[in-house]
$ cat start_14.pdb   # PDB, C-alpha atoms and all ligand atoms
ATOM      1  CA  MET A   1       3.229  14.959  -9.089  1.00  0.00           C
ATOM      2  CA  ILE A   2       1.191  12.161  -7.549  1.00  0.00           C
ATOM      3  CA  GLU A   3       3.730   9.606  -6.415  1.00  0.00           C
ATOM      4  CA  LEU A   4       3.737   5.913  -7.245  1.00  0.00           C
ATOM      5  CA  GLY A   5       4.487   3.107  -4.822  1.00  0.00           C
ATOM      6  CA  VAL A   6       4.877  -0.195  -6.639  1.00  0.00           C
ATOM      7  CA  ASN A   7       3.783  -3.181  -4.577  1.00  0.00           C
ATOM      8  CA  ILE A   8       6.060  -6.072  -5.570  1.00  0.00           C
ATOM      9  CA  ASP A   9       4.418  -8.790  -3.425  1.00  0.00           C
ATOM     10  CA  HIS A  10       3.425 -10.786  -6.476  1.00  0.00           C
ATOM     11  CA  ILE A  11       6.967 -10.941  -7.809  1.00  0.00           C
ATOM     12  CA  ALA A  12       7.617 -12.798  -4.557  1.00  0.00           C
ATOM     13  CA  THR A  13       4.461 -14.886  -5.101  1.00  0.00           C
ATOM     14  CA  LEU A  14       6.016 -16.154  -8.316  1.00  0.00           C
ATOM     15  CA  ARG A  15       9.308 -16.898  -6.567  1.00  0.00           C
ATOM     16  CA  GLU A  16       7.571 -18.704  -3.710  1.00  0.00           C
ATOM     17  CA  ALA A  17       5.766 -20.917  -6.239  1.00  0.00           C
ATOM     18  CA  ARG A  18       9.111 -22.756  -6.494  1.00  0.00           C
ATOM     19  CA  LYS A  19      10.632 -21.620  -3.185  1.00  0.00           C
ATOM     20  CA  GLY A  20      13.744 -20.588  -5.097  1.00  0.00           C
ATOM     21  CA  GLU A  21      15.565 -17.358  -5.855  1.00  0.00           C
ATOM     22  CA  HIS A  22      13.818 -16.240  -9.036  1.00  0.00           C
ATOM     23  CA  PRO A  23      12.443 -13.817  -9.917  1.00  0.00           C
ATOM     24  CA  ASP A  24      14.821 -11.786  -7.767  1.00  0.00           C
ATOM     25  CA  ILE A  25      12.843  -9.298  -5.751  1.00  0.00           C
ATOM     26  CA  ILE A  26      15.698  -6.829  -5.346  1.00  0.00           C
ATOM     27  CA  ALA A  27      16.261  -6.772  -9.114  1.00  0.00           C
ATOM     28  CA  ALA A  28      12.524  -6.171  -9.563  1.00  0.00           C
ATOM     29  CA  ALA A  29      12.568  -3.302  -7.079  1.00  0.00           C
ATOM     30  CA  LYS A  30      15.526  -1.769  -8.913  1.00  0.00           C
ATOM     31  CA  VAL A  31      13.732  -1.972 -12.272  1.00  0.00           C
ATOM     32  CA  CYS A  32      10.730  -0.176 -10.711  1.00  0.00           C
ATOM     33  CA  GLU A  33      13.022   2.522  -9.314  1.00  0.00           C
ATOM     34  CA  LEU A  34      14.782   2.944 -12.666  1.00  0.00           C
ATOM     35  CA  ALA A  35      11.395   3.282 -14.371  1.00  0.00           C
ATOM     36  CA  GLY A  36      10.597   6.175 -12.037  1.00  0.00           C
ATOM     37  CA  ALA A  37       8.650   4.650  -9.135  1.00  0.00           C
ATOM     38  CA  HIS A  38       8.878   6.778  -6.020  1.00  0.00           C
ATOM     39  CA  GLN A  39       8.512   3.988  -3.510  1.00  0.00           C
ATOM     40  CA  ILE A  40       8.533   0.206  -3.179  1.00  0.00           C
ATOM     41  CA  THR A  41       5.753  -1.330  -1.130  1.00  0.00           C
ATOM     42  CA  VAL A  42       5.705  -4.841   0.313  1.00  0.00           C
ATOM     43  CA  HIS A  43       3.344  -6.644   2.664  1.00  0.00           C
ATOM     44  CA  LEU A  44       5.027  -8.880   5.233  1.00  0.00           C
ATOM     45  CA  ARG A  45       2.088 -11.172   5.917  1.00  0.00           C
ATOM     46  CA  GLN A  46       1.920 -13.289   9.040  1.00  0.00           C
ATOM     47  CA  ASP A  47       1.753 -16.449   6.919  1.00  0.00           C
ATOM     48  CA  ARG A  48       4.780 -15.247   4.851  1.00  0.00           C
ATOM     49  CA  ARG A  49       3.040 -16.399   1.685  1.00  0.00           C
ATOM     50  CA  HIS A  50       5.082 -14.067  -0.523  1.00  0.00           C
ATOM     51  CA  ILE A  51       7.421 -11.509   1.056  1.00  0.00           C
ATOM     52  CA  GLN A  52       9.921 -12.949   3.569  1.00  0.00           C
ATOM     53  CA  ASP A  53      11.684 -11.167   6.443  1.00  0.00           C
ATOM     54  CA  ARG A  54      14.966 -11.267   4.512  1.00  0.00           C
ATOM     55  CA  ASP A  55      13.334  -9.446   1.571  1.00  0.00           C
ATOM     56  CA  VAL A  56      12.322  -6.580   3.820  1.00  0.00           C
ATOM     57  CA  ARG A  57      15.811  -6.334   5.307  1.00  0.00           C
ATOM     58  CA  LEU A  58      17.501  -6.397   1.897  1.00  0.00           C
ATOM     59  CA  LEU A  59      15.087  -3.819   0.465  1.00  0.00           C
ATOM     60  CA  ALA A  60      15.678  -1.518   3.430  1.00  0.00           C
ATOM     61  CA  GLU A  61      19.415  -1.725   2.766  1.00  0.00           C
ATOM     62  CA  THR A  62      19.401  -1.390  -0.998  1.00  0.00           C
ATOM     63  CA  LEU A  63      16.557   0.876  -2.119  1.00  0.00           C
ATOM     64  CA  THR A  64      17.416   4.358  -3.234  1.00  0.00           C
ATOM     65  CA  THR A  65      13.764   5.441  -2.972  1.00  0.00           C
ATOM     66  CA  ARG A  66      11.463   4.721  -0.026  1.00  0.00           C
ATOM     67  CA  LEU A  67      10.352   1.437   1.509  1.00  0.00           C
ATOM     68  CA  ASN A  68       6.701   1.243   2.597  1.00  0.00           C
ATOM     69  CA  LEU A  69       5.897  -1.839   4.668  1.00  0.00           C
ATOM     70  CA  GLU A  70       2.288  -3.011   4.785  1.00  0.00           C
ATOM     71  CA  MET A  71       1.591  -4.981   7.917  1.00  0.00           C
ATOM     72  CA  ALA A  72      -0.928  -6.095  10.495  1.00  0.00           C
ATOM     73  CA  ALA A  73      -0.650  -4.240  13.811  1.00  0.00           C
ATOM     74  CA  GLU A  74       0.441  -7.436  15.596  1.00  0.00           C
ATOM     75  CA  GLU A  75       3.255  -7.524  18.157  1.00  0.00           C
ATOM     76  CA  ASP A  76       5.606  -9.891  16.308  1.00  0.00           C
ATOM     77  CA  ILE A  77       5.410  -7.929  13.048  1.00  0.00           C
ATOM     78  CA  ILE A  78       5.617  -4.592  14.865  1.00  0.00           C
ATOM     79  CA  ALA A  79       8.867  -5.767  16.474  1.00  0.00           C
ATOM     80  CA  ILE A  80      10.356  -6.657  13.078  1.00  0.00           C
ATOM     81  CA  ALA A  81       9.239  -3.352  11.548  1.00  0.00           C
ATOM     82  CA  ARG A  82      10.634  -1.315  14.431  1.00  0.00           C
ATOM     83  CA  GLU A  83      13.962  -3.047  14.018  1.00  0.00           C
ATOM     84  CA  ILE A  84      14.172  -2.709  10.214  1.00  0.00           C
ATOM     85  CA  ARG A  85      12.727   0.829  10.199  1.00  0.00           C
ATOM     86  CA  PRO A  86      11.240   1.235   6.714  1.00  0.00           C
ATOM     87  CA  THR A  87      10.408   4.787   5.641  1.00  0.00           C
ATOM     88  CA  SER A  88       6.763   4.133   6.452  1.00  0.00           C
ATOM     89  CA  VAL A  89       4.412   1.409   7.543  1.00  0.00           C
ATOM     90  CA  CYS A  90       0.866   1.016   6.346  1.00  0.00           C
ATOM     91  CA  LEU A  91      -1.337  -0.742   8.894  1.00  0.00           C
ATOM     92  CA  VAL A  92      -3.755  -3.179   7.278  1.00  0.00           C
ATOM     93  CA  PRO A  93      -6.193  -5.772   8.575  1.00  0.00           C
ATOM     94  CA  GLU A  94      -5.128  -9.327   7.924  1.00  0.00           C
ATOM     95  CA  ASN A  95      -6.972 -12.579   7.727  1.00  0.00           C
ATOM     96  CA  ARG A  96      -5.025 -15.728   6.891  1.00  0.00           C
ATOM     97  CA  GLN A  97      -7.794 -17.103   4.685  1.00  0.00           C
ATOM     98  CA  GLU A  98      -8.107 -14.037   2.460  1.00  0.00           C
ATOM     99  CA  VAL A  99      -6.690 -13.992  -1.072  1.00  0.00           C
ATOM    100  CA  THR A 100      -5.812 -10.303  -0.706  1.00  0.00           C
ATOM    101  CA  THR A 101      -6.541  -7.539   1.829  1.00  0.00           C
ATOM    102  CA  GLU A 102     -10.320  -7.445   1.806  1.00  0.00           C
ATOM    103  CA  GLY A 103     -11.448  -4.400   3.727  1.00  0.00           C
ATOM    104  CA  GLY A 104      -9.922  -1.410   5.425  1.00  0.00           C
ATOM    105  CA  LEU A 105      -8.595  -1.417   8.973  1.00  0.00           C
ATOM    106  CA  ASP A 106     -11.234  -0.687  11.611  1.00  0.00           C
ATOM    107  CA  VAL A 107      -9.341   2.131  13.313  1.00  0.00           C
ATOM    108  CA  ALA A 108     -12.441   3.469  15.089  1.00  0.00           C
ATOM    109  CA  SER A 109     -12.855   0.358  17.240  1.00  0.00           C
ATOM    110  CA  GLN A 110      -9.204   0.266  18.384  1.00  0.00           C
ATOM    111  CA  ARG A 111      -8.116   3.879  18.478  1.00  0.00           C
ATOM    112  CA  GLU A 112      -6.382   3.695  21.859  1.00  0.00           C
ATOM    113  CA  ARG A 113      -4.212   0.724  20.961  1.00  0.00           C
ATOM    114  CA  LEU A 114      -3.429   2.125  17.520  1.00  0.00           C
ATOM    115  CA  THR A 115      -2.498   5.497  19.019  1.00  0.00           C
ATOM    116  CA  GLN A 116       0.194   3.656  20.996  1.00  0.00           C
ATOM    117  CA  VAL A 117       1.342   1.754  17.930  1.00  0.00           C
ATOM    118  CA  VAL A 118       1.653   5.032  15.978  1.00  0.00           C
ATOM    119  CA  ALA A 119       3.605   6.650  18.828  1.00  0.00           C
ATOM    120  CA  GLY A 120       5.981   3.666  18.905  1.00  0.00           C
ATOM    121  CA  PHE A 121       6.691   3.993  15.205  1.00  0.00           C
ATOM    122  CA  HIS A 122       7.163   7.741  15.465  1.00  0.00           C
ATOM    123  CA  GLU A 123       9.731   7.131  18.210  1.00  0.00           C
ATOM    124  CA  ALA A 124      11.579   4.865  15.759  1.00  0.00           C
ATOM    125  CA  GLY A 125      11.414   7.551  13.041  1.00  0.00           C
ATOM    126  CA  VAL A 126       8.881   5.645  10.925  1.00  0.00           C
ATOM    127  CA  LYS A 127       5.820   7.336   9.379  1.00  0.00           C
ATOM    128  CA  VAL A 128       2.464   5.611   9.698  1.00  0.00           C
ATOM    129  CA  SER A 129      -0.389   5.199   7.260  1.00  0.00           C
ATOM    130  CA  MET A 130      -3.825   3.704   8.013  1.00  0.00           C
ATOM    131  CA  PHE A 131      -5.376   1.646   5.231  1.00  0.00           C
ATOM    132  CA  ILE A 132      -9.070   2.412   5.700  1.00  0.00           C
ATOM    133  CA  ASP A 133     -12.362   2.212   3.867  1.00  0.00           C
ATOM    134  CA  PRO A 134     -13.459   5.649   2.621  1.00  0.00           C
ATOM    135  CA  GLU A 135     -15.702   6.325   5.628  1.00  0.00           C
ATOM    136  CA  PRO A 136     -15.759   9.575   7.635  1.00  0.00           C
ATOM    137  CA  GLU A 137     -15.644   7.754  10.969  1.00  0.00           C
ATOM    138  CA  GLN A 138     -12.484   5.866   9.988  1.00  0.00           C
ATOM    139  CA  VAL A 139     -10.812   9.022   8.675  1.00  0.00           C
ATOM    140  CA  GLU A 140     -11.484  10.876  11.924  1.00  0.00           C
ATOM    141  CA  ALA A 141     -10.330   7.957  14.052  1.00  0.00           C
ATOM    142  CA  SER A 142      -7.109   7.796  12.002  1.00  0.00           C
ATOM    143  CA  ALA A 143      -6.480  11.486  12.662  1.00  0.00           C
ATOM    144  CA  GLU A 144      -6.989  10.864  16.395  1.00  0.00           C
ATOM    145  CA  THR A 145      -4.261   8.217  16.400  1.00  0.00           C
ATOM    146  CA  ARG A 146      -1.894  10.872  14.972  1.00  0.00           C
ATOM    147  CA  ALA A 147      -1.150   8.770  11.900  1.00  0.00           C
ATOM    148  CA  ASP A 148       0.620  10.685   9.132  1.00  0.00           C
ATOM    149  CA  TYR A 149      -1.384   9.312   6.206  1.00  0.00           C
ATOM    150  CA  VAL A 150      -4.554   7.520   5.324  1.00  0.00           C
ATOM    151  CA  GLU A 151      -4.538   5.186   2.358  1.00  0.00           C
ATOM    152  CA  LEU A 152      -8.114   5.046   1.150  1.00  0.00           C
ATOM    153  CA  HIS A 153      -9.154   1.563   0.021  1.00  0.00           C
ATOM    154  CA  THR A 154     -10.138   1.804  -3.638  1.00  0.00           C
ATOM    155  CA  GLY A 155     -11.139  -1.860  -3.958  1.00  0.00           C
ATOM    156  CA  ALA A 156     -14.899  -1.254  -3.801  1.00  0.00           C
ATOM    157  CA  TYR A 157     -14.543   1.392  -6.533  1.00  0.00           C
ATOM    158  CA  ALA A 158     -12.330  -0.882  -8.658  1.00  0.00           C
ATOM    159  CA  ASN A 159     -14.736  -3.820  -8.378  1.00  0.00           C
ATOM    160  CA  ALA A 160     -18.000  -1.892  -8.623  1.00  0.00           C
ATOM    161  CA  PRO A 161     -20.518  -2.730 -11.352  1.00  0.00           C
ATOM    162  CA  GLN A 162     -20.903   0.055 -13.902  1.00  0.00           C
ATOM    163  CA  ASN A 163     -23.948   1.614 -12.235  1.00  0.00           C
ATOM    164  CA  GLU A 164     -22.145   1.866  -8.847  1.00  0.00           C
ATOM    165  CA  VAL A 165     -18.806   3.267  -9.996  1.00  0.00           C
ATOM    166  CA  MET A 166     -19.723   6.940  -9.528  1.00  0.00           C
ATOM    167  CA  ASN A 167     -21.115   6.279  -6.045  1.00  0.00           C
ATOM    168  CA  GLU A 168     -17.961   4.507  -4.992  1.00  0.00           C
ATOM    169  CA  LEU A 169     -15.789   7.244  -6.475  1.00  0.00           C
ATOM    170  CA  ASN A 170     -17.813   9.837  -4.591  1.00  0.00           C
ATOM    171  CA  ARG A 171     -17.236   8.050  -1.298  1.00  0.00           C
ATOM    172  CA  ILE A 172     -13.499   8.349  -1.940  1.00  0.00           C
ATOM    173  CA  VAL A 173     -13.812  12.037  -2.894  1.00  0.00           C
ATOM    174  CA  GLN A 174     -15.724  12.805   0.333  1.00  0.00           C
ATOM    175  CA  ALA A 175     -13.364  10.810   2.536  1.00  0.00           C
ATOM    176  CA  ALA A 176     -10.363  12.462   0.892  1.00  0.00           C
ATOM    177  CA  ALA A 177     -11.755  15.942   1.604  1.00  0.00           C
ATOM    178  CA  ARG A 178     -12.334  14.972   5.220  1.00  0.00           C
ATOM    179  CA  ALA A 179      -8.824  13.564   5.519  1.00  0.00           C
ATOM    180  CA  LEU A 180      -7.298  16.792   4.231  1.00  0.00           C
ATOM    181  CA  ASN A 181      -9.464  18.756   6.668  1.00  0.00           C
ATOM    182  CA  CYS A 182      -8.186  16.625   9.533  1.00  0.00           C
ATOM    183  CA  GLY A 183      -4.584  17.392   8.533  1.00  0.00           C
ATOM    184  CA  LEU A 184      -3.911  13.934   7.118  1.00  0.00           C
ATOM    185  CA  VAL A 185      -2.067  13.238   3.880  1.00  0.00           C
ATOM    186  CA  PHE A 186      -4.286  11.235   1.549  1.00  0.00           C
ATOM    187  CA  ASN A 187      -3.058   8.209  -0.424  1.00  0.00           C
ATOM    188  CA  ALA A 188      -5.046   5.559  -2.290  1.00  0.00           C
ATOM    189  CA  GLY A 189      -4.658   1.952  -3.313  1.00  0.00           C
ATOM    190  CA  HIS A 190      -6.031  -1.468  -4.122  1.00  0.00           C
ATOM    191  CA  GLY A 191      -7.350  -2.734  -7.431  1.00  0.00           C
ATOM    192  CA  LEU A 192      -6.059   0.238  -9.417  1.00  0.00           C
ATOM    193  CA  ASN A 193      -5.006  -0.280 -13.038  1.00  0.00           C
ATOM    194  CA  VAL A 194      -4.517   1.581 -16.329  1.00  0.00           C
ATOM    195  CA  HIS A 195      -8.285   1.700 -16.871  1.00  0.00           C
ATOM    196  CA  ASN A 196      -9.583   2.963 -13.532  1.00  0.00           C
ATOM    197  CA  LEU A 197      -6.661   5.054 -12.252  1.00  0.00           C
ATOM    198  CA  ALA A 198      -7.316   8.379 -14.026  1.00  0.00           C
ATOM    199  CA  ALA A 199     -10.558   9.093 -12.141  1.00  0.00           C
ATOM    200  CA  VAL A 200      -8.839   8.525  -8.791  1.00  0.00           C
ATOM    201  CA  ALA A 201      -5.781  10.530  -9.844  1.00  0.00           C
ATOM    202  CA  ALA A 202      -8.089  13.479 -10.561  1.00  0.00           C
ATOM    203  CA  ILE A 203      -9.162  13.704  -6.903  1.00  0.00           C
ATOM    204  CA  SER A 204      -7.826  16.879  -5.421  1.00  0.00           C
ATOM    205  CA  GLY A 205      -5.022  16.510  -2.886  1.00  0.00           C
ATOM    206  CA  LEU A 206      -4.037  12.936  -3.738  1.00  0.00           C
ATOM    207  CA  ASN A 207      -0.443  12.375  -2.636  1.00  0.00           C
ATOM    208  CA  GLU A 208       0.411   8.796  -3.633  1.00  0.00           C
ATOM    209  CA  VAL A 209      -1.037   5.572  -5.020  1.00  0.00           C
ATOM    210  CA  ASN A 210       0.172   2.061  -4.261  1.00  0.00           C
ATOM    211  CA  ILE A 211      -0.337  -0.386  -7.102  1.00  0.00           C
ATOM    212  CA  GLY A 212       0.694  -4.022  -7.247  1.00  0.00           C
ATOM    213  CA  HIS A 213      -1.256  -6.738  -8.978  1.00  0.00           C
ATOM    214  CA  SER A 214      -2.106  -4.893 -12.190  1.00  0.00           C
ATOM    215  CA  ILE A 215       1.513  -3.805 -12.719  1.00  0.00           C
ATOM    216  CA  VAL A 216       2.910  -7.297 -12.173  1.00  0.00           C
ATOM    217  CA  ALA A 217       0.187  -8.826 -14.381  1.00  0.00           C
ATOM    218  CA  ARG A 218       0.864  -6.314 -17.151  1.00  0.00           C
ATOM    219  CA  ALA A 219       4.621  -6.898 -16.792  1.00  0.00           C
ATOM    220  CA  VAL A 220       4.145 -10.466 -18.034  1.00  0.00           C
ATOM    221  CA  PHE A 221       3.278  -8.972 -21.425  1.00  0.00           C
ATOM    222  CA  VAL A 222       5.155  -5.682 -21.700  1.00  0.00           C
ATOM    223  CA  GLY A 223       7.911  -6.003 -19.084  1.00  0.00           C
ATOM    224  CA  LEU A 224       8.111  -4.476 -15.618  1.00  0.00           C
ATOM    225  CA  HIS A 225       9.795  -1.252 -16.707  1.00  0.00           C
ATOM    226  CA  GLU A 226       7.101  -0.509 -19.292  1.00  0.00           C
ATOM    227  CA  ALA A 227       4.270  -1.512 -16.941  1.00  0.00           C
ATOM    228  CA  VAL A 228       5.529   1.025 -14.374  1.00  0.00           C
ATOM    229  CA  ARG A 229       5.949   3.710 -17.076  1.00  0.00           C
ATOM    230  CA  GLU A 230       2.360   3.253 -18.234  1.00  0.00           C
ATOM    231  CA  ILE A 231       1.064   3.988 -14.740  1.00  0.00           C
ATOM    232  CA  LEU A 232       3.449   6.934 -14.298  1.00  0.00           C
ATOM    233  CA  ASN A 233       2.207   8.430 -17.579  1.00  0.00           C
ATOM    234  CA  ILE A 234      -1.365   8.384 -16.260  1.00  0.00           C
ATOM    235  CA  LEU A 235      -0.265  10.063 -13.022  1.00  0.00           C
ATOM    236  CA  ARG A 236       1.670  12.658 -15.009  1.00  0.00           C
ATOM    237  CA  SER A 237      -1.360  13.538 -17.144  1.00  0.00           C
ATOM    238  CA  ALA A 238      -3.449  13.938 -13.993  1.00  0.00           C
ATOM    239  CA  ASP A 239      -0.986  16.567 -12.834  1.00  0.00           C
ATOM    240  CA  GLY A 240      -0.969  18.367 -16.114  1.00  0.00           C
TER
HETATM  241  N1  LIG A 301      -2.417  -0.846  -0.741  1.00  0.00           N
HETATM  242  C1  LIG A 301      -2.631  -1.735   0.256  1.00  0.00           C
HETATM  243  C2  LIG A 301      -2.741  -1.224   1.651  1.00  0.00           C
HETATM  244  C3  LIG A 301      -2.719  -3.119  -0.022  1.00  0.00           C
HETATM  245  O1  LIG A 301      -2.937  -3.996   0.985  1.00  0.00           O
HETATM  246  C4  LIG A 301      -2.547  -3.552  -1.358  1.00  0.00           C
HETATM  247  C5  LIG A 301      -2.567  -5.015  -1.659  1.00  0.00           C
HETATM  248  O2  LIG A 301      -1.472  -5.632  -1.064  1.00  0.00           O
HETATM  249  C6  LIG A 301      -2.299  -2.592  -2.348  1.00  0.00           C
HETATM  250  C7  LIG A 301      -2.266  -1.242  -2.017  1.00  0.00           C
HETATM  251  C8  LIG A 301      -2.086  -2.963  -3.773  1.00  0.00           C
HETATM  252  O3  LIG A 301      -3.264  -3.529  -4.272  1.00  0.00           O
HETATM  253  P1  LIG A 301      -3.241  -4.162  -5.729  1.00  0.00           P
HETATM  254  O4  LIG A 301      -2.312  -5.317  -5.672  1.00  0.00           O
HETATM  255  O5  LIG A 301      -4.680  -4.566  -5.931  1.00  0.00           O
HETATM  256  O6  LIG A 301      -2.782  -3.091  -6.676  1.00  0.00           O
END
$ encode --input "start_14.pdb" --output "structure tokens"
Amino acid sequence: MIELGVNIDHIATLREARKGEHPDIIAAAKVCELAGAHQITVHLRQDRRHIQDRDVRLLAETLTTRLNLEMAAEEDIIAIAREIRPTSVCLVPENRQEVTTEGGLDVASQRERLTQVVAGFHEAGVKVSMFIDPEPEQVEASAETRADYVELHTGAYANAPQNEVMNELNRIVQAAARALNCGLVFNAGHGLNVHNLAAVAAISGLNEVNIGHSIVARAVFVGLHEAVREILNILRSADG
């Protein structure tokens, strides 16, 4: 089945609103795992606005599923990631002013440096994903760096006005086909929710989705366990 990574950054956003201990991020991760999530995803941002270094360490020690660490390809964060050794890292662009990750990583303009970053992670036994816009050039550049996965940015699709939705979906379909052709595993994420997920889940070859904000927002009303189950049910029907 298509696997689900639950991004729990915004559980930490709520905690950081009071700089206290609640809600407990490890408890949240455990609820997601018990509900059937296949992976927990967190973004250790350079400004540490939500997830803290200690969270990443504790998650690495306590998860029974996989830990996927989203991060900028910057030396200080790379050093932390290589020490903690999550199951995988997902390289994302980062801008301190942004509310959330805005665009995909421009792999094409920094393929040599990123090839070295990928090799460093492989040496440490960590898989690497490139979070990229669904563009052929970025897919091919990602393959050249020897990354294991591409995570196609679904934000433009999720935010598209009605008359643009099919175009945006098609860009993802094309990029996904190219990724598979290049020998990459294809994941997707950003802006996905119970309303727009089914069309993405129907794309052939999709391995995993990473979903954060919509699950945490929905959890306020139905609880975290149920919010995760709702998404898993959609992924299950896509398989069926
Ligand atoms: N995948 C990546 C690479 C991301 O940066 C994010 C946002 O942190 C997500 C998935 C999850 O996006 P959302 O919170 O919109 O579901």
$ atom_distance --input "start_14.pdb" --atom1 "CA of Ala37 in chain A" --atom2 "CA of Arg66 in chain A"
9.5 Å
$ residues_near_ligand --input "start_14.pdb" --ligand "ligand LIG 301 (chain A)" --cutoff "9 Å" --atoms "only C-alpha atoms and all ligand atoms" --output "PyMOL selection string"
chain A and resi 5-10+41-43+70-71+90-93+100-104+129-132+151-155+158+188-193+209-216
$ residues_around --input "start_14.pdb" --residues "Ile234 in chain A" --least-positions-apart "4" --cutoff "9 Å" --atoms "only C-alpha atoms" --output "PyMOL selection string"
chain A and resi 194+197-198+201+229-230+238-239
$ atom_distance --input "start_14.pdb" --atom1 "CA of Arg146 in chain A" --atom2 "CA of Pro134 in chain A"
17.7 Å
$ atom_distance --input "start_14.pdb" --atom1 "CA of Leu114 in chain A" --atom2 "CA of Thr13 in chain A"
29.4 Å
$ closest_residue --input "start_14.pdb" --among "A:Leu44, A:Leu69, A:Val173, A:Ala141" --to "Arg111 in chain A" --atoms "all atoms listed in the file"
A:Ala141
$ residues_near_point --input "start_14.pdb" --point "(-6.2, 13.6, 10.6)" --cutoff "6 Å" --atoms "all atoms listed in the file" --output "list in words"
Ala143, Ala179, Cys182, Gly183 and Leu184 of chain A
$ axis_aligned_box --input "start_14.pdb" --around "range 43-55 of chain A" --padding-each-side "4 Å" --output "lines of an AutoDock Vina configuration file"
center_x = 8.4
center_y = -11.5
center_z = 4.3
size_x = 21.2
size_y = 17.8
size_z = 17.6
$ residues_around --input "start_14.pdb" --residues "Tyr157 in chain A" --least-positions-apart "4" --cutoff "7 Å" --atoms "all atoms listed in the file" --output "PDB file with C-alpha atoms, in the frame of the given file"
ATOM      1  CA  VAL A 165     -18.806   3.267  -9.996  1.00  0.00           C
ATOM      2  CA  GLU A 168     -17.961   4.507  -4.992  1.00  0.00           C
ATOM      3  CA  LEU A 169     -15.789   7.244  -6.475  1.00  0.00           C
TER       4      LEU A 169
END
$ resolve_selection --input "start_14.pdb" --expression "the PyMOL selection byres (((chain A and resi 38) around 10) and not hetatm)" --output "PDB file with C-alpha atoms, keeping the file's coordinate frame"
ATOM      1  CA  ILE A   2       1.191  12.161  -7.549  1.00  0.00           C
ATOM      2  CA  GLU A   3       3.730   9.606  -6.415  1.00  0.00           C
ATOM      3  CA  LEU A   4       3.737   5.913  -7.245  1.00  0.00           C
ATOM      4  CA  GLY A   5       4.487   3.107  -4.822  1.00  0.00           C
ATOM      5  CA  VAL A   6       4.877  -0.195  -6.639  1.00  0.00           C
ATOM      6  CA  CYS A  32      10.730  -0.176 -10.711  1.00  0.00           C
ATOM      7  CA  GLU A  33      13.022   2.522  -9.314  1.00  0.00           C
ATOM      8  CA  LEU A  34      14.782   2.944 -12.666  1.00  0.00           C
ATOM      9  CA  ALA A  35      11.395   3.282 -14.371  1.00  0.00           C
ATOM     10  CA  GLY A  36      10.597   6.175 -12.037  1.00  0.00           C
ATOM     11  CA  ALA A  37       8.650   4.650  -9.135  1.00  0.00           C
ATOM     12  CA  GLN A  39       8.512   3.988  -3.510  1.00  0.00           C
ATOM     13  CA  ILE A  40       8.533   0.206  -3.179  1.00  0.00           C
ATOM     14  CA  THR A  41       5.753  -1.330  -1.130  1.00  0.00           C
ATOM     15  CA  THR A  64      17.416   4.358  -3.234  1.00  0.00           C
ATOM     16  CA  THR A  65      13.764   5.441  -2.972  1.00  0.00           C
ATOM     17  CA  ARG A  66      11.463   4.721  -0.026  1.00  0.00           C
ATOM     18  CA  LEU A  67      10.352   1.437   1.509  1.00  0.00           C
ATOM     19  CA  GLU A 208       0.411   8.796  -3.633  1.00  0.00           C
ATOM     20  CA  LEU A 232       3.449   6.934 -14.298  1.00  0.00           C
TER      21      LEU A 232
END
$ closest_residue --input "start_14.pdb" --among "A:Val150, A:Ala79, A:Val139, A:Val107" --to "Ala124 in chain A" --atoms "all atoms listed in the file"
A:Ala79
$ residues_near_point --input "start_14.pdb" --point "(13.7, -1.7, -18.4)" --cutoff "7 Å" --atoms "all atoms listed in the file" --output "list in words"
Val31, Ala35, Leu224, His225 and Glu226 of chain A
$ residues_around --input "start_14.pdb" --residues "Asn68 in chain A" --least-positions-apart "4" --cutoff "6 Å" --atoms "all atoms listed in the file" --output "ChimeraX atom specification"
/A:41,87-89
$ closest_residue --input "start_14.pdb" --among "A:Glu123, A:Glu112, A:Glu83, A:Glu164" --to "Thr145 in chain A" --atoms "only C-alpha atoms"
A:Glu112
$ closest_residue --input "start_14.pdb" --among "A:Ala217, A:Val117, A:Ile172, A:Leu235" --to "Ala156 in chain A" --atoms "all atoms listed in the file"
A:Ile172
$ resolve_selection --input "start_14.pdb" --expression "the PyMOL selection byres (((chain A and resi 204) around 10) and not hetatm)" --output "PyMOL selection string"
chain A and resi 173+176-177+180+186+200-203+205-207
$ write_last_selection --input "start_14.pdb" --atoms "C-alpha atoms" --output "PDB file, in the frame of the given file"
ATOM      1  CA  VAL A 173     -13.812  12.037  -2.894  1.00  0.00           C
ATOM      2  CA  ALA A 176     -10.363  12.462   0.892  1.00  0.00           C
ATOM      3  CA  ALA A 177     -11.755  15.942   1.604  1.00  0.00           C
ATOM      4  CA  LEU A 180      -7.298  16.792   4.231  1.00  0.00           C
ATOM      5  CA  PHE A 186      -4.286  11.235   1.549  1.00  0.00           C
ATOM      6  CA  VAL A 200      -8.839   8.525  -8.791  1.00  0.00           C
ATOM      7  CA  ALA A 201      -5.781  10.530  -9.844  1.00  0.00           C
ATOM      8  CA  ALA A 202      -8.089  13.479 -10.561  1.00  0.00           C
ATOM      9  CA  ILE A 203      -9.162  13.704  -6.903  1.00  0.00           C
ATOM     10  CA  GLY A 205      -5.022  16.510  -2.886  1.00  0.00           C
ATOM     11  CA  LEU A 206      -4.037  12.936  -3.738  1.00  0.00           C
ATOM     12  CA  ASN A 207      -0.443  12.375  -2.636  1.00  0.00           C
TER      13      ASN A 207
END
